[in-house]
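Here is the structure we will look at.
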Amino acid sequence: MLKINNLHVMVDNKLILKGIDLEVNQGEIHAIMGPNGSGKSTLAKAMAGHPNYQIVEGTIEFFDGQEYINLAELEIHERAKAGIFLGFQYPTEIPGISNLGFLRESVNNVWKAQGKKLLSKDDFIAFLRPIMEILKMKELFLDRSINEGFSGGEKKKNEILQLMVLDPKLAILDETDSGLDIDALKVVADGINRFKRPENATILITHYQRLLDHIIPDFIHVLGDGKIIRSGTKDLALELELKGYNWA
Amino acid sequence: MTYSSAFVNYLSKEISQSDMLNDNVPLTQLKKKLLPLFKMSTFPNNKDEFFRYSKIKETDFDNLEFKYLPIANASSLLSLNQFSSYFQYKIIFIDGELSLDQTTLPPGILINNITSHDEIQEVMNSLDQTNFFGLMNILSSHNIYKLTIPKDHKSSEIISTFHITTAAGKQHLSTPCIFINAMENSYANLFSLHLFLGLEPYYYVTNSALYFNLENSAVIDYSKLQIESEKSLHISTIQANLNQNSILNTQLISLGANNSRENQKINLLGQNARANLYGLYDLKQDMQADHYIDVVHQYPETYSHQIFKGILKDQSHGVFTGKVTISKDAKHSVSTQLNKNIILGDTAQMTSRPQLMIDTDDVKCTHGSATGQMDPEQLFYLKTRGINDNQAKKMLYHAFAREIIEASPCGKIKQILNNFILNDTDENMFEDLNYSNRCQHGTFSFT
């Protein structure tokens with residue numbers, strides 16, 4: 001589904017990613033771990049197409065259901081339509097746009113591109129309701145401005161709500177566990193586990209083992225100084241927890 | 001230097017003709033009193049602190065016609081009917097002249113032409129003789145109107161005033177002048193639309209004036225939408241006296257005119273008088289919008305709140321001067337002011353000048369000004385959800401403007417502003433903004 005080859009990414013004229021190779025297949029969950037500054041968020045932003053994150057070498061290829069396409073050739077919104085979702089580490093606050101208006105606009109754009117039938121406003125709210133129940137979100141939440149005044153936990157739940165509603169082929173979740181208390185962590189992890197199906201894939205970016213107590217990854221990769229320095233299965237996370245990133 | 005242009009000569013001639021024809025004698029007498037004062041004044045120029053950035057110039061008033069019969073074309077009348085049919089109660093000015101046969105008002109509300117000596121004296125007493133364009137408005141008005149909101153009148157029905165410009169190709173001057181007296185404990189919801197309905201944009205000048213007097217406990221919601229011709233000059237004076245417990249909420253939306261100047265002078269004269277002033281200007285090409293807001297707290301425990309926002313594209317220029325004076329008697333007063341602007345591109349300019357003059361202790365005053373580009377992180381966030389650049393910018397633009405749109409308590413007005421500001425008919429977009437047509441007031445309940 002995703003093939004990253006020798007990826008080099010620059011931010012503000014500084015080379016952050018220095019040759020990432022990664023392959024993710026359908027049905028897999030990959031966890032990317034690593035210390036602060038190792039390049040985890042840079043990898044996520046580069047895949048989503050943030051304009052400040054410049055690919056200077058290498059490729060990111062994504063299988064859109066028919067063929068592999070070079071992500072660098074797609075605009076940001078086209079990547080979303082192709083089935084890529086970035087869950088933000090720090091979801092942006094946008095005062096003045098309601099969550100409902102935003103979600104509907106987003107879903108209409110993505111579904112339209114994917115040839116799905118669009119829903120009326122009432123049907124859309126009815127469609128959202130059970131997902132919001134899973135995430136323990138109240139309906140009033142839809143009337144609030146996007147992420148404005150949300151607690152850390154609410155922001156992350158909002159990201160998972162968008163994930164579940166948009167139902168992408170590939171979810172890249174950047175530090176989705178940060179800022180969550182134990183109960184919220186369980187709710188968010190439950191949402192991610194429900195998202196997992198044989199036809200999609202997830203890249204979990206995290207600092208800590210604790211998220212991996214709830215979501216079992218198929219592979220774990222450790223990033224250090226812009227490269228993957230170690231890959232393994234779920235046991236690697238436990239080793240990292242005991243020995244620290246220096247060990248890797 | 002005195003103001004002695006061809007325009008003044010024209011005014012002198014008009015006034016002497018009115019005198020001979022015995023037209024509205026008290027008004028002509030008032031004009032005769034004011035004319036020497038006007039001649040002695042200097043046309044506002046960039047040496048004047050409050051016109052430092054204005055591009056209004058003396059020659060803008062050359063060769064204007066200001067006494068003629070409006071020649072409305074059929075298409076503009078049709079458009080006018082479409083707009084005006086949206087409102088039950090309306091006062092219609094076509095090319096600066098009141099069209100009485102199209103004017104309908106709710107029971108108890110009156111509009112009349114000021115003709116008595118006593119009323120003219122009131123006009124004289126209300127005038128700010130330092131306001132050049134205010135004087136010019138009176139001197140060039142054929143009629144001055146007075147709208148009276150009776151004591152205890154409370155209706156959420158919108159009373160709209162249409163200022164329609166239609167006259168094909170005539171370089172004319174429109175000078176509507178209305179005095180609004182909101183009597184004790186009354187409420188009115190006023191909407192004013194300055195709209196160009198001519199076939200091709202052309203140059204004309206509107207110099208309008210609106211004088212509010214709010215008696216004790218009167219409340220006025222006033223929204224103004226200005227969509228003049230892209231070649232026109234629009235000058236507006238709003239002056240308000242607020243007495244005890246009265247509230248004036250104003251919402252000025254400037255979307256048109258090549259050059260616009262909004263003068264707003266608010267006098268807070270009684271305890272607990274409150275002015276909430278909102279504004280939005282959306283400028284493109286070489287448009288200029290110059291807002292000059294002057295709030296004077298003259299009494300203890302008075303309140304003013306200003307939020308003005310601008311969106312500037314191309315080579316446009318926005319000017320915001322927000323002057324707040326808290327006089328030495330106005331203890332325990334509260335004043336807040338905020339001016340925020342988004343600049344799109346490298347060539348638009350914004351000049352923002354907050355000016356606080358505080359002559360007493362024990363007051364709360366804040367002011368802030370921020371001008372910048374659209375937030376790239378917000379844009380990125382929206383785009384990662386499948387929303388294209390153009391749609392995302394529209395959404396952010398709307399989000400920015402929404403605080404000003406929401407300032408109106410009336411769903412119908414919000415909907416109109418929303419439609420004009422967005423100029424977008426995509427029904428799926430912002431569907432959550434389907435406002436109720438019912439007005440929702442925090443202060444009163446209407447049954």
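Scheme for the structure tokens: letters A, B, ... for chains in order shown; per-chain residue numbers from 1; ligand numbers from 1 in order shown.
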Tell me, counting only C-alpha atoms, for each residue of chain A within 6 Å of chain B, which pair of atoms is nearest and how far apart they are in Å to one decimal, in rows ordered by chain and increasing number, as CSV.
```
residue,atom,partner,partner_atom,distance
A:Ile76,CA,B:Thr384,CA,5.7
A:His77,CA,B:Gly386,CA,4.0
A:Ala80,CA,B:Gly386,CA,4.8
A:Lys81,CA,B:Gly386,CA,5.6
A:Gly96,CA,B:Ala399,CA,4.0
A:Ile97,CA,B:Ala399,CA,5.4
A:Gly101,CA,B:Phe430,CA,5.6
A:Ser106,CA,B:Arg385,CA,5.4
A:Asn109,CA,B:Gly386,CA,5.8
A:Val110,CA,B:Gly386,CA,5.6
```
Same residues, N, CA and C atoms, saved as a short mmCIF file (atom, residue, chain, number, x, y, z; two decimals), in the first residue's frame:
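Saved as result_23.cif:
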```
data_model
loop_
_atom_site.label_atom_id
_atom_site.label_comp_id
_atom_site.auth_asym_id
_atom_site.auth_seq_id
_atom_site.Cartn_x
_atom_site.Cartn_y
_atom_site.Cartn_z
N ILE A 76 -2.31 18.59 -1.46
CA ILE A 76 -2.63 18.08 -0.12
C ILE A 76 -4.04 17.47 -0.10
N HIS A 77 -5.02 18.21 -0.64
CA HIS A 77 -6.40 17.72 -0.57
C HIS A 77 -6.60 16.48 -1.45
N ALA A 80 -5.79 13.42 0.54
CA ALA A 80 -6.91 13.01 1.40
C ALA A 80 -7.94 12.25 0.57
N LYS A 81 -8.20 12.75 -0.64
CA LYS A 81 -9.19 12.10 -1.49
C LYS A 81 -8.72 10.71 -1.94
N GLY A 96 -14.73 29.93 14.51
CA GLY A 96 -15.65 30.46 13.48
C GLY A 96 -16.15 29.41 12.50
N ILE A 97 -15.55 28.20 12.51
CA ILE A 97 -16.08 27.13 11.64
C ILE A 97 -16.54 26.00 12.56
N GLY A 101 -20.05 21.67 10.22
CA GLY A 101 -19.86 22.22 8.87
C GLY A 101 -18.56 21.70 8.27
N SER A 106 -15.67 18.22 4.58
CA SER A 106 -14.58 17.28 4.36
C SER A 106 -15.11 15.96 3.77
N ASN A 109 -16.35 16.20 0.19
CA ASN A 109 -15.25 16.27 -0.78
C ASN A 109 -14.63 14.89 -1.01
N VAL A 110 -14.36 14.20 0.09
CA VAL A 110 -13.66 12.92 -0.02
C VAL A 110 -14.60 11.86 -0.62
#
```
Just list the residues in range 87-142 of chain A DSSP gives alpha helix (DSSP H) on the backbone, as number ranges by chain.
A: 99-113, 121-134
Generate a file of the selected residues that holds N, CA and C atoms, formatted as a PDB file, in the first residue's frame.
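What landed in selection_29.pdb:
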```pdb
ATOM      1  N   ASN A  99     -17.647  22.367  13.914  1.00  0.00           N
ATOM      2  CA  ASN A  99     -17.189  21.012  13.626  1.00  0.00           C
ATOM      3  C   ASN A  99     -18.089  20.323  12.614  1.00  0.00           C
ATOM      4  N   LEU A 100     -19.387  20.544  12.752  1.00  0.00           N
ATOM      5  CA  LEU A 100     -20.322  19.868  11.847  1.00  0.00           C
ATOM      6  C   LEU A 100     -20.122  20.340  10.403  1.00  0.00           C
ATOM      7  N   GLY A 101     -20.052  21.674  10.221  1.00  0.00           N
ATOM      8  CA  GLY A 101     -19.858  22.222   8.875  1.00  0.00           C
ATOM      9  C   GLY A 101     -18.560  21.704   8.268  1.00  0.00           C
ATOM     10  N   PHE A 102     -17.536  21.670   9.088  1.00  0.00           N
ATOM     11  CA  PHE A 102     -16.219  21.213   8.635  1.00  0.00           C
ATOM     12  C   PHE A 102     -16.243  19.730   8.262  1.00  0.00           C
ATOM     13  N   LEU A 103     -16.798  18.920   9.161  1.00  0.00           N
ATOM     14  CA  LEU A 103     -16.832  17.468   8.921  1.00  0.00           C
ATOM     15  C   LEU A 103     -17.598  17.159   7.637  1.00  0.00           C
ATOM     16  N   ARG A 104     -18.700  17.859   7.473  1.00  0.00           N
ATOM     17  CA  ARG A 104     -19.555  17.584   6.309  1.00  0.00           C
ATOM     18  C   ARG A 104     -18.861  18.013   5.018  1.00  0.00           C
ATOM     19  N   GLU A 105     -18.208  19.181   5.093  1.00  0.00           N
ATOM     20  CA  GLU A 105     -17.474  19.673   3.930  1.00  0.00           C
ATOM     21  C   GLU A 105     -16.382  18.680   3.548  1.00  0.00           C
ATOM     22  N   SER A 106     -15.673  18.219   4.584  1.00  0.00           N
ATOM     23  CA  SER A 106     -14.581  17.280   4.364  1.00  0.00           C
ATOM     24  C   SER A 106     -15.105  15.962   3.775  1.00  0.00           C
ATOM     25  N   VAL A 107     -16.120  15.419   4.420  1.00  0.00           N
ATOM     26  CA  VAL A 107     -16.661  14.132   3.983  1.00  0.00           C
ATOM     27  C   VAL A 107     -17.249  14.246   2.568  1.00  0.00           C
ATOM     28  N   ASN A 108     -17.957  15.324   2.306  1.00  0.00           N
ATOM     29  CA  ASN A 108     -18.537  15.496   0.965  1.00  0.00           C
ATOM     30  C   ASN A 108     -17.453  15.501  -0.100  1.00  0.00           C
ATOM     31  N   ASN A 109     -16.349  16.203   0.188  1.00  0.00           N
ATOM     32  CA  ASN A 109     -15.251  16.267  -0.782  1.00  0.00           C
ATOM     33  C   ASN A 109     -14.632  14.891  -1.007  1.00  0.00           C
ATOM     34  N   VAL A 110     -14.357  14.205   0.094  1.00  0.00           N
ATOM     35  CA  VAL A 110     -13.663  12.917  -0.018  1.00  0.00           C
ATOM     36  C   VAL A 110     -14.599  11.861  -0.623  1.00  0.00           C
ATOM     37  N   TRP A 111     -15.819  11.820  -0.147  1.00  0.00           N
ATOM     38  CA  TRP A 111     -16.756  10.812  -0.658  1.00  0.00           C
ATOM     39  C   TRP A 111     -17.084  11.045  -2.130  1.00  0.00           C
ATOM     40  N   LYS A 112     -17.229  12.314  -2.479  1.00  0.00           N
ATOM     41  CA  LYS A 112     -17.532  12.628  -3.874  1.00  0.00           C
ATOM     42  C   LYS A 112     -16.421  12.102  -4.780  1.00  0.00           C
ATOM     43  N   ALA A 113     -15.172  12.341  -4.348  1.00  0.00           N
ATOM     44  CA  ALA A 113     -14.024  11.875  -5.136  1.00  0.00           C
ATOM     45  C   ALA A 113     -14.011  10.354  -5.216  1.00  0.00           C
ATOM     46  N   LYS A 121     -27.995  16.646   5.454  1.00  0.00           N
ATOM     47  CA  LYS A 121     -27.466  17.077   6.755  1.00  0.00           C
ATOM     48  C   LYS A 121     -27.997  16.169   7.874  1.00  0.00           C
ATOM     49  N   ASP A 122     -29.296  15.893   7.855  1.00  0.00           N
ATOM     50  CA  ASP A 122     -29.880  15.074   8.922  1.00  0.00           C
ATOM     51  C   ASP A 122     -29.323  13.649   8.886  1.00  0.00           C
ATOM     52  N   ASP A 123     -29.216  13.085   7.682  1.00  0.00           N
ATOM     53  CA  ASP A 123     -28.670  11.722   7.566  1.00  0.00           C
ATOM     54  C   ASP A 123     -27.211  11.682   8.002  1.00  0.00           C
ATOM     55  N   PHE A 124     -26.508  12.784   7.723  1.00  0.00           N
ATOM     56  CA  PHE A 124     -25.096  12.839   8.112  1.00  0.00           C
ATOM     57  C   PHE A 124     -24.975  12.839   9.634  1.00  0.00           C
ATOM     58  N   ILE A 125     -25.836  13.612  10.285  1.00  0.00           N
ATOM     59  CA  ILE A 125     -25.794  13.641  11.760  1.00  0.00           C
ATOM     60  C   ILE A 125     -26.147  12.250  12.302  1.00  0.00           C
ATOM     61  N   ALA A 126     -27.121  11.606  11.677  1.00  0.00           N
ATOM     62  CA  ALA A 126     -27.502  10.251  12.104  1.00  0.00           C
ATOM     63  C   ALA A 126     -26.338   9.273  11.901  1.00  0.00           C
ATOM     64  N   PHE A 127     -25.592   9.501  10.842  1.00  0.00           N
ATOM     65  CA  PHE A 127     -24.415   8.660  10.559  1.00  0.00           C
ATOM     66  C   PHE A 127     -23.310   8.894  11.614  1.00  0.00           C
ATOM     67  N   LEU A 128     -23.183  10.144  12.049  1.00  0.00           N
ATOM     68  CA  LEU A 128     -22.141  10.480  13.022  1.00  0.00           C
ATOM     69  C   LEU A 128     -22.446   9.940  14.417  1.00  0.00           C
ATOM     70  N   ARG A 129     -23.745   9.900  14.735  1.00  0.00           N
ATOM     71  CA  ARG A 129     -24.158   9.642  16.119  1.00  0.00           C
ATOM     72  C   ARG A 129     -23.514   8.385  16.734  1.00  0.00           C
ATOM     73  N   PRO A 130     -23.603   7.201  16.091  1.00  0.00           N
ATOM     74  CA  PRO A 130     -23.001   6.010  16.723  1.00  0.00           C
ATOM     75  C   PRO A 130     -21.484   6.098  16.850  1.00  0.00           C
ATOM     76  N   ILE A 131     -20.843   6.787  15.898  1.00  0.00           N
ATOM     77  CA  ILE A 131     -19.378   6.925  15.986  1.00  0.00           C
ATOM     78  C   ILE A 131     -19.031   7.796  17.193  1.00  0.00           C
ATOM     79  N   MET A 132     -19.813   8.847  17.373  1.00  0.00           N
ATOM     80  CA  MET A 132     -19.556   9.735  18.504  1.00  0.00           C
ATOM     81  C   MET A 132     -19.825   9.024  19.826  1.00  0.00           C
ATOM     82  N   GLU A 133     -20.777   8.103  19.812  1.00  0.00           N
ATOM     83  CA  GLU A 133     -21.044   7.332  21.041  1.00  0.00           C
ATOM     84  C   GLU A 133     -19.847   6.470  21.409  1.00  0.00           C
ATOM     85  N   ILE A 134     -19.253   5.837  20.395  1.00  0.00           N
ATOM     86  CA  ILE A 134     -18.060   5.016  20.648  1.00  0.00           C
ATOM     87  C   ILE A 134     -16.969   5.876  21.290  1.00  0.00           C
TER      88      ILE A 134
END
```
Test item: residues at most 9 Å from Ile220 in chain A, only C-alpha atoms, excluding those fewer than 5 positions along its chain, as a JSON list (two decimals) with C-alpha atoms, in the first residue's frame:
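Result file is part_11.json:
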```json
[["chain", "number", "residue", "atom", "x", "y", "z"],
["A", 29, "ILE", "CA", -0.23, -1.49, 11.84],
["A", 30, "HIS", "CA", 3.26, -0.01, 11.98],
["A", 31, "ALA", "CA", 4.45, 1.91, 15.02],
["A", 32, "ILE", "CA", 7.17, 4.49, 14.56],
["A", 33, "MET", "CA", 8.98, 5.36, 17.74],
["A", 230, "ARG", "CA", 15.93, -0.57, 14.06],
["A", 231, "SER", "CA", 12.84, -2.51, 13.07],
["A", 232, "GLY", "CA", 11.11, -5.38, 14.81],
["A", 233, "THR", "CA", 7.86, -6.76, 16.14],
["A", 234, "LYS", "CA", 5.87, -5.66, 19.19],
["A", 235, "ASP", "CA", 8.50, -6.96, 21.59],
["A", 236, "LEU", "CA", 10.84, -4.23, 20.43],
["A", 237, "ALA", "CA", 8.64, -1.65, 22.20]]
```
Restricting the calculation to only C-alpha atoms: of B:Ile326, B:Leu105, B:Leu356, B:Ile343, which residue gets closest to Lys309 in chain B?
B:Ile343
Could you pull out all residues of range 40-234 of chain B with a DSSP call of strand (DSSP E or B) and give them as an MDAnalysis selection string?
chainID B and resid 65 89:94 97:98 104 110:113 145:149 154:165 172:174 177:182 187:196 205:214 219:227 233:234
One decimal, in Å: what's the spacing between CA of Tyr203 in chain B and CA of Lys31 in chain B?
26.5 Å
